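Take a look at the structure set out below.
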Amino acid sequence: MFQQRASWMQQDKSVLLKGIAGGAVLAALFGLLLVLLVAYTGAYNIAASQDHSPFVRWVFSTTMNNSVATRAEELDVPTEFTTAQIEAGAQHYKAMCEHCHAGPGVDRAEWAQGMLPQPPHLVEAAAHWQPNEVFWLVKHGVRMSAMPAFGETHGDAELWDIAAFVKQLPGMTASEYAALGHQSGTHTH
């Protein structure tokens with residue numbers, strides 16, 4: 001009798017596992033059909049004049065943060081940044097980044113107000129990123145955000161200069177910001 005009951009329990013367990021697997025396959029197929037339906041009907045509004053739903057915003061933000069952290073982990077970060085690197089980074093930042101990310105006492109360009117997602121105001125946001133993560137973002141950019149990949153047009157040394165400067169932005173005053181980045185006046189895009 002004990003063996004018969006054990007056999008029934010084993011059969012019940014097998015049926016349960018098959019049911020769970022079948023349910024998972026059906027759920028995956030339903031999800032795929034839902035994605036295809038949204039994609040082919042144009043049901044999701046991609047207009048930059050309307051914000052994402054909170055769930056979609058969370059998915060994009062969480063994915064981006066975790067992706068950057070994972071990929072930037074392997075980078076070798078300079079032990080410290082020099083004043084010359086910060087000065088050079090300020091020149092690059094003001095030429096290439098300020099119009100979207102603003103700066104202490106400087107607003108982003110008017111045309112950047114219509115971007116969605118809004119580029120982060122780095123005076124606050126840079127405090128939440130490590131130098132290797134800032135470098136990775138500047139080098140590789142972020143898909144579907146208008147953040148370009150500057151690694152195609154700039155060397156790693158220039159990108160580390162930008163990362164060095166960006167990490168100085170939190171706590172920087174408007175007068176300190178204005179004083180940086182004007183020494184050589186030579187910059188190429």
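Each chain in the structure tokens gets a letter, A, B, ..., in the order shown, and its residues are numbered from 1; ligands are numbered from 1 in order too.
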Alpha helix (DSSP H) positions in chain A, given as a ChimeraX atom specification: /A:2-41,54-72,83-96,98-101,122-125,131-140,156-166,174-179
Could you give me, as CSV, every range 48-85 of chain A residue with an atom at most 10 Å from range 123-139 of chain A, plus its closest atom pair and distance in Å to one decimal, counting only C-alpha atoms, rows ordered by chain then number?
```
residue,atom,partner,partner_atom,distance
A:Met64,CA,A:Leu137,CA,9.9
A:Asn65,CA,A:Trp129,CA,9.2
A:Ser67,CA,A:Glu133,CA,9.9
A:Val68,CA,A:Glu133,CA,6.2
A:Ala69,CA,A:Glu133,CA,6.3
A:Thr70,CA,A:Glu133,CA,9.1
A:Arg71,CA,A:Trp136,CA,7.7
A:Ala72,CA,A:Glu133,CA,5.3
A:Glu73,CA,A:Asn132,CA,7.3
A:Glu74,CA,A:Asn132,CA,8.7
A:Leu75,CA,A:Asn132,CA,6.3
A:Asp76,CA,A:Asn132,CA,7.6
A:Val77,CA,A:Asn132,CA,6.0
A:Pro78,CA,A:Pro131,CA,9.0
```
Pick from A:His140, A:Thr41, A:Gln85, A:Phe165, whichever lies nearest to Glu152 in chain A using only C-alpha atoms: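 Between A:His140, A:Thr41, A:Gln85, A:Phe165, the residue approaching Glu152 in chain A most closely is A:His140.
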Identify, with DSSP run on backbone atoms, the residues in chain A assigned to strand (DSSP E or B), and express the list as an mmCIF file with N, CA and C atoms, in the first residue's frame.
```cif
data_model
loop_
_atom_site.group_PDB
_atom_site.id
_atom_site.type_symbol
_atom_site.label_atom_id
_atom_site.label_comp_id
_atom_site.auth_asym_id
_atom_site.auth_seq_id
_atom_site.Cartn_x
_atom_site.Cartn_y
_atom_site.Cartn_z
ATOM 1 N N GLY A 103 24.633 72.454 -16.813
ATOM 2 C CA GLY A 103 25.768 72.590 -15.904
ATOM 3 C C GLY A 103 25.389 73.549 -14.790
ATOM 4 N N VAL A 106 23.900 76.868 -15.759
ATOM 5 C CA VAL A 106 23.653 76.834 -17.200
ATOM 6 C C VAL A 106 22.524 75.846 -17.477
ATOM 7 N N VAL A 142 23.791 55.476 -25.202
ATOM 8 C CA VAL A 142 22.632 54.728 -24.726
ATOM 9 C C VAL A 142 21.604 54.703 -25.846
ATOM 10 N N MET A 147 21.576 59.687 -26.515
ATOM 11 C CA MET A 147 22.948 59.777 -26.012
ATOM 12 C C MET A 147 23.867 59.082 -26.998
#
```
Non-local contacts of Ala112 in chain A (12 Å; only C-alpha atoms; under 5 positions in same chain excluded) as a PyMOL selection string: chain A and resi 48+97-102+107+117-121+145-147
Selection above as a file: C-alpha atoms, as a tab-separated table (two decimals), in the first residue's frame:
```tsv
chain	number	residue	atom	x	y	z
A	48	ALA	CA	8.55	62.19	-27.57
A	97	CYS	CA	27.46	67.68	-23.50
A	98	GLU	CA	26.27	70.94	-21.96
A	99	HIS	CA	23.49	71.55	-24.49
A	100	CYS	CA	21.71	68.36	-23.26
A	101	HIS	CA	22.97	67.87	-19.70
A	102	ALA	CA	23.31	71.52	-18.59
A	107	ASP	CA	20.38	75.45	-18.55
A	117	PRO	CA	13.66	60.65	-21.97
A	118	GLN	CA	15.07	63.93	-20.71
A	119	PRO	CA	18.86	63.84	-20.50
A	120	PRO	CA	19.85	63.73	-16.84
A	121	HIS	CA	20.98	66.97	-15.23
A	145	SER	CA	17.88	58.01	-25.58
A	146	ALA	CA	19.71	60.33	-28.01
A	147	MET	CA	22.95	59.78	-26.01
```
Nearby residues (only C-alpha atoms) at most 10 Å from Glu87 in chain A, same-chain spacing under 6 positions excluded, as a short mmCIF file (atom, residue, chain, number, x, y, z; two decimals) with N, CA and C atoms, in the first residue's frame:
```
data_model
loop_
_atom_site.label_atom_id
_atom_site.label_comp_id
_atom_site.auth_asym_id
_atom_site.auth_seq_id
_atom_site.Cartn_x
_atom_site.Cartn_y
_atom_site.Cartn_z
N TYR A 93 33.21 68.75 -22.38
CA TYR A 93 31.84 68.75 -21.86
C TYR A 93 31.07 69.96 -22.37
N ASP A 161 38.95 62.14 -19.56
CA ASP A 161 38.91 63.56 -19.15
C ASP A 161 37.47 64.00 -18.89
N ILE A 162 36.58 63.60 -19.78
CA ILE A 162 35.16 63.96 -19.60
C ILE A 162 34.62 63.31 -18.34
N ALA A 164 36.29 62.46 -15.70
CA ALA A 164 36.88 63.17 -14.57
C ALA A 164 36.12 64.46 -14.28
N PHE A 165 35.79 65.18 -15.33
CA PHE A 165 35.06 66.45 -15.15
C PHE A 165 33.63 66.19 -14.64
N ALA A 179 34.55 79.05 -14.84
CA ALA A 179 36.00 79.26 -14.94
C ALA A 179 36.73 78.12 -15.63
N LEU A 180 36.13 76.96 -15.67
CA LEU A 180 36.79 75.79 -16.25
C LEU A 180 36.54 75.70 -17.75
N GLY A 181 37.51 75.14 -18.47
CA GLY A 181 37.32 74.81 -19.88
C GLY A 181 37.59 75.90 -20.87
N HIS A 182 38.27 76.97 -20.46
CA HIS A 182 38.52 78.06 -21.41
C HIS A 182 39.99 78.36 -21.64
N GLN A 183 40.89 77.53 -21.09
CA GLN A 183 42.30 77.85 -21.16
C GLN A 183 42.89 77.77 -22.56
N SER A 184 42.73 76.61 -23.23
CA SER A 184 43.38 76.48 -24.52
C SER A 184 42.52 76.98 -25.67
#
```
